[in-house]
Amino acid sequence: MKNYETVIGLEVHLQLNTKTKIFCGCANTFGQNANTLTCPICLGLPGTLPVFNKEVLKNGIRVGLALNCKINSFVKFDRKNYYYPDLPKAYQISQYDFPIAKDGYLPVQIDGQLKNIGITRAHMEEDAGKLIHDSEIKASLVDYNRTGTPLVEIVSEPDIRSPQEAYDYLTSLKLLMQYLDVSDCDMEKGSLRCDANISLRKEGAKEFGTKAEVKNLNSFKAVKSALEFEVGRQKKLLDSGERVVQETRLWDEAKQITLSMRSKEEAHDYRYFPEPDLVPFTVDQKVIDAARKALPEFPLAKSGRFIKEYGLSEYDADVLIQDKNLSQFFEDCIVNYNEPKKICNWISGALKQELNAKKINFPEAKLSVDHFISLIQKVDDGTVSNLAGKDVLKIMLDTHKDPNAIISNKGLAQVSDEGALENIIAEVVSENPQIVEQIKLGKESAIGFLVGQSMRKTQGKANPKIINQMLKRRILDV
Amino acid sequence: MITKKDVQYIAHLSRIHLAENEAESLTKNLEGILTYIEKLKKLDVADVKPTSHVLPLENVFREDVVRESLSQNDVMNMAVEKNKGSFKVPQVIE
């Protein structure tokens, strides 16, 4: 039985969220009617010339810097030639030998430890159109709206050692790119796509084994599952003395297996040459320095600061930083109500639950700092119970009303007034003589049942602590 | 040395159909072109700055401002075959 080491490298395509496409002024928008966002340039009509979008270069530089890369001061584009109906010019304008960024790394939390995954390069290119295969009419349909969408392709070094590490790398990369605000990184919309290269080698070996390239990975989970499948498949081949063939394999999500692509689609001979329709670009060191200065605080740094500044646990800080907007909201709240742990719990608990239930992102919830803090304070001072507070939050997200108004409108304030509760206590005691007897005989835990009954009679508005005290006083005379 | 096989391979990559006699004459043509490149390679270019473009220009940008796109109708008028606002092409995947 031989042991193998898994070697994985990932290629991630990120659609940039610029207003327009990379080489023309068509809007860069997802989900429009087919072929309504095209022009002679992105359709590749004869006689047209592409002109480079300044914002794409800016974001390319920012991605490179965020990944600790060297930024090339000389930038040019090249033609990658291949025939496919999604590519109207029959070539893709990409970058070959002078990518915008190279030689970087991304720190990734793996099993509680930081590991730097090398970044070989990041380059800018244009996206292709979208092909829909219609088996009914036995034809393929082409929508060129996506053609010319700006992409940054991020190529990792073969530094990843397991499918789980691949998953962790992707999660970190996505979060970092969200903090940079260069892409919405939504795999469902295709604004983040990933191909994986995987090979096995005998433990301790220096040479890489033969790799397979896996495509058609539609979620991070699919990446992990496909890589796990490949580890098994390649191991079986190597154990039985067979060879792994270098090829492209497609992940079949339904069957949870990878399948070899037909070899004729594999002729990887792109015949790159410098793009004659675009002049080269030089990136001034001053531009790079300014871009570096303007970078936001990154997730890892933020998490460290939350632990240090606010005394949060590593776990709490990590949960908060998973959403850039929520972590910002957290800090905005602290300014006005200096209870980091409480605010963190409300955000990570009730608020996140409500957002998930409503299937919305935080910005869509339009929750104000003042309202949120005011709610937490009402719970803290005992005006409403924790449970009622969660209901108030739910109503706040629906109506955007002030929590105080909701509490008084819905009569959610806790009843702590003993006079008002006296009758209810008397009722509960007379309705449950057996329980009362048990309590008198020393089974004090049974009092919880009576508290529950009393709470029910007040529709949850009673302060359970007060109820508990009153019951004890009445039954046990303490 | 360019062989007929090379020419046929390049023709396939470019989706060009070549008749037998065309492949032969193109093999000779390409061989001639490559011989010329060999000549260029012998030139002393030590003092020539490397270039990737013939124009003495750089940094030609556009601002990230939306311009109107063509209408679906205009685009579909260019299609040889169409279906539901899309270009219809031979099926590429079964």
# chains A, B, ... in the order shown; residues from 1 in each chain; ligands from 1
$ select_by_dssp --residues "segment 1-31 of chain B" --states "alpha helix (DSSP H)" --output "PyMOL selection string"
chain B and resi 4-13+20-31
$ write_last_selection --atoms "N, CA and C atoms" --output "tab-separated table (two decimals), in the first residue's frame"
chain	number	residue	atom	x	y	z
B	4	LYS	N	3.49	18.85	-44.90
B	4	LYS	CA	2.09	18.94	-45.27
B	4	LYS	C	1.22	18.69	-44.04
B	5	LYS	N	1.73	17.84	-43.15
B	5	LYS	CA	0.99	17.53	-41.93
B	5	LYS	C	0.80	18.78	-41.05
B	6	ASP	N	1.88	19.59	-40.96
B	6	ASP	CA	1.79	20.84	-40.21
B	6	ASP	C	0.69	21.73	-40.79
B	7	VAL	N	0.69	21.83	-42.10
B	7	VAL	CA	-0.28	22.69	-42.78
B	7	VAL	C	-1.70	22.20	-42.51
B	8	GLN	N	-1.87	20.90	-42.59
B	8	GLN	CA	-3.20	20.35	-42.35
B	8	GLN	C	-3.65	20.58	-40.90
B	9	TYR	N	-2.68	20.50	-39.98
B	9	TYR	CA	-2.98	20.73	-38.57
B	9	TYR	C	-3.43	22.17	-38.35
B	10	ILE	N	-2.68	23.11	-38.93
B	10	ILE	CA	-3.02	24.53	-38.77
B	10	ILE	C	-4.37	24.82	-39.45
B	11	ALA	N	-4.58	24.19	-40.59
B	11	ALA	CA	-5.86	24.38	-41.29
B	11	ALA	C	-7.01	23.89	-40.41
B	12	HIS	N	-6.79	22.77	-39.71
B	12	HIS	CA	-7.83	22.25	-38.82
B	12	HIS	C	-8.10	23.22	-37.68
B	13	LEU	N	-7.02	23.74	-37.07
B	13	LEU	CA	-7.19	24.70	-35.97
B	13	LEU	C	-7.95	25.93	-36.45
B	20	GLU	N	-6.31	18.79	-51.47
B	20	GLU	CA	-4.97	18.18	-51.47
B	20	GLU	C	-3.93	19.09	-52.13
B	21	ASN	N	-4.27	19.62	-53.33
B	21	ASN	CA	-3.28	20.45	-54.04
B	21	ASN	C	-3.04	21.78	-53.32
B	22	GLU	N	-4.09	22.28	-52.64
B	22	GLU	CA	-3.93	23.53	-51.87
B	22	GLU	C	-2.96	23.30	-50.72
B	23	ALA	N	-3.13	22.19	-50.03
B	23	ALA	CA	-2.24	21.88	-48.91
B	23	ALA	C	-0.80	21.82	-49.38
B	24	GLU	N	-0.59	21.25	-50.57
B	24	GLU	CA	0.77	21.15	-51.08
B	24	GLU	C	1.37	22.51	-51.40
B	25	SER	N	0.59	23.35	-52.09
B	25	SER	CA	1.15	24.65	-52.46
B	25	SER	C	1.36	25.52	-51.22
B	26	LEU	N	0.43	25.40	-50.25
B	26	LEU	CA	0.59	26.19	-49.02
B	26	LEU	C	1.81	25.74	-48.23
B	27	THR	N	2.13	24.47	-48.28
B	27	THR	CA	3.32	23.96	-47.60
B	27	THR	C	4.55	24.68	-48.13
B	28	LYS	N	4.60	24.79	-49.48
B	28	LYS	CA	5.75	25.48	-50.10
B	28	LYS	C	5.76	26.96	-49.71
B	29	ASN	N	4.58	27.60	-49.76
B	29	ASN	CA	4.49	29.02	-49.40
B	29	ASN	C	4.97	29.28	-47.99
B	30	LEU	N	4.48	28.48	-47.06
B	30	LEU	CA	4.83	28.66	-45.65
B	30	LEU	C	6.32	28.45	-45.44
B	31	GLU	N	6.84	27.44	-46.14
B	31	GLU	CA	8.27	27.15	-46.04
B	31	GLU	C	9.07	28.40	-46.46
$ residues_around --residues "Glu331 of chain A" --least-positions-apart "6" --cutoff "12 Å" --atoms "only C-alpha atoms" --output "PyMOL selection string"
chain A and resi 302+305-306+309-310+317+320-321+324-325+337-341+343-344+347+369+373
$ write_last_selection --atoms "C-alpha atoms" --output "PDB file, in the first residue's frame"
ATOM      1  CA  LYS A 302      -9.829  42.792  10.706  1.00  0.00           C
ATOM      2  CA  ARG A 305      -8.157  43.659  15.368  1.00  0.00           C
ATOM      3  CA  PHE A 306     -11.616  42.591  16.577  1.00  0.00           C
ATOM      4  CA  GLU A 309      -9.704  45.798  20.329  1.00  0.00           C
ATOM      5  CA  TYR A 310     -13.053  44.393  21.384  1.00  0.00           C
ATOM      6  CA  ALA A 317     -14.417  37.544  15.255  1.00  0.00           C
ATOM      7  CA  LEU A 320     -18.285  38.594  11.977  1.00  0.00           C
ATOM      8  CA  ILE A 321     -15.627  39.127   9.320  1.00  0.00           C
ATOM      9  CA  LYS A 324     -17.794  42.794   5.134  1.00  0.00           C
ATOM     10  CA  ASN A 325     -21.020  44.757   5.601  1.00  0.00           C
ATOM     11  CA  TYR A 337     -23.264  51.256  22.545  1.00  0.00           C
ATOM     12  CA  ASN A 338     -20.010  49.885  23.829  1.00  0.00           C
ATOM     13  CA  GLU A 339     -21.071  46.259  24.390  1.00  0.00           C
ATOM     14  CA  PRO A 340     -19.065  44.350  21.746  1.00  0.00           C
ATOM     15  CA  LYS A 341     -19.932  40.858  22.946  1.00  0.00           C
ATOM     16  CA  ILE A 343     -23.784  43.272  19.773  1.00  0.00           C
ATOM     17  CA  CYS A 344     -21.730  40.470  18.246  1.00  0.00           C
ATOM     18  CA  ILE A 347     -25.554  40.102  14.813  1.00  0.00           C
ATOM     19  CA  VAL A 369     -27.629  51.353  13.677  1.00  0.00           C
ATOM     20  CA  ILE A 373     -28.855  49.360  19.307  1.00  0.00           C
TER      21      ILE A 373
END
$ interface_residues --of "chain B" --to "chain A" --cutoff "12 Å" --atoms "only C-alpha atoms" --output "JSON, numbers by chain"
{"B": [9, 10, 11, 12, 13, 14, 15, 16, 51, 52, 53, 54, 55, 56, 57, 58, 59, 60, 61, 62, 63, 64, 65, 66, 67, 68, 69, 70, 71, 72, 73, 74, 75, 76, 77, 78, 79, 81, 82, 83, 84, 85, 86, 87, 88, 89, 90, 91, 92, 93, 94]}
$ residues_around --residues "segment 58-73 of chain A" --least-positions-apart "2" --cutoff "8 Å" --atoms "only C-alpha atoms" --output "PyMOL selection string"
chain A and resi 16+54-56+75+98-106+119+121-124+152+176-177+180+182+282-285+288+291-292+295
$ residues_around --residues "Leu175 of chain A" --least-positions-apart "3" --cutoff "9 Å" --atoms "only C-alpha atoms" --output "list of chain:residue names"
A:Leu170, A:Thr171, A:Ser172, A:Gln178, A:Tyr179, A:Leu180, A:Cys185, A:Phe298, A:Pro299, A:Ile321, A:Gln322, A:Asp323, A:Lys324
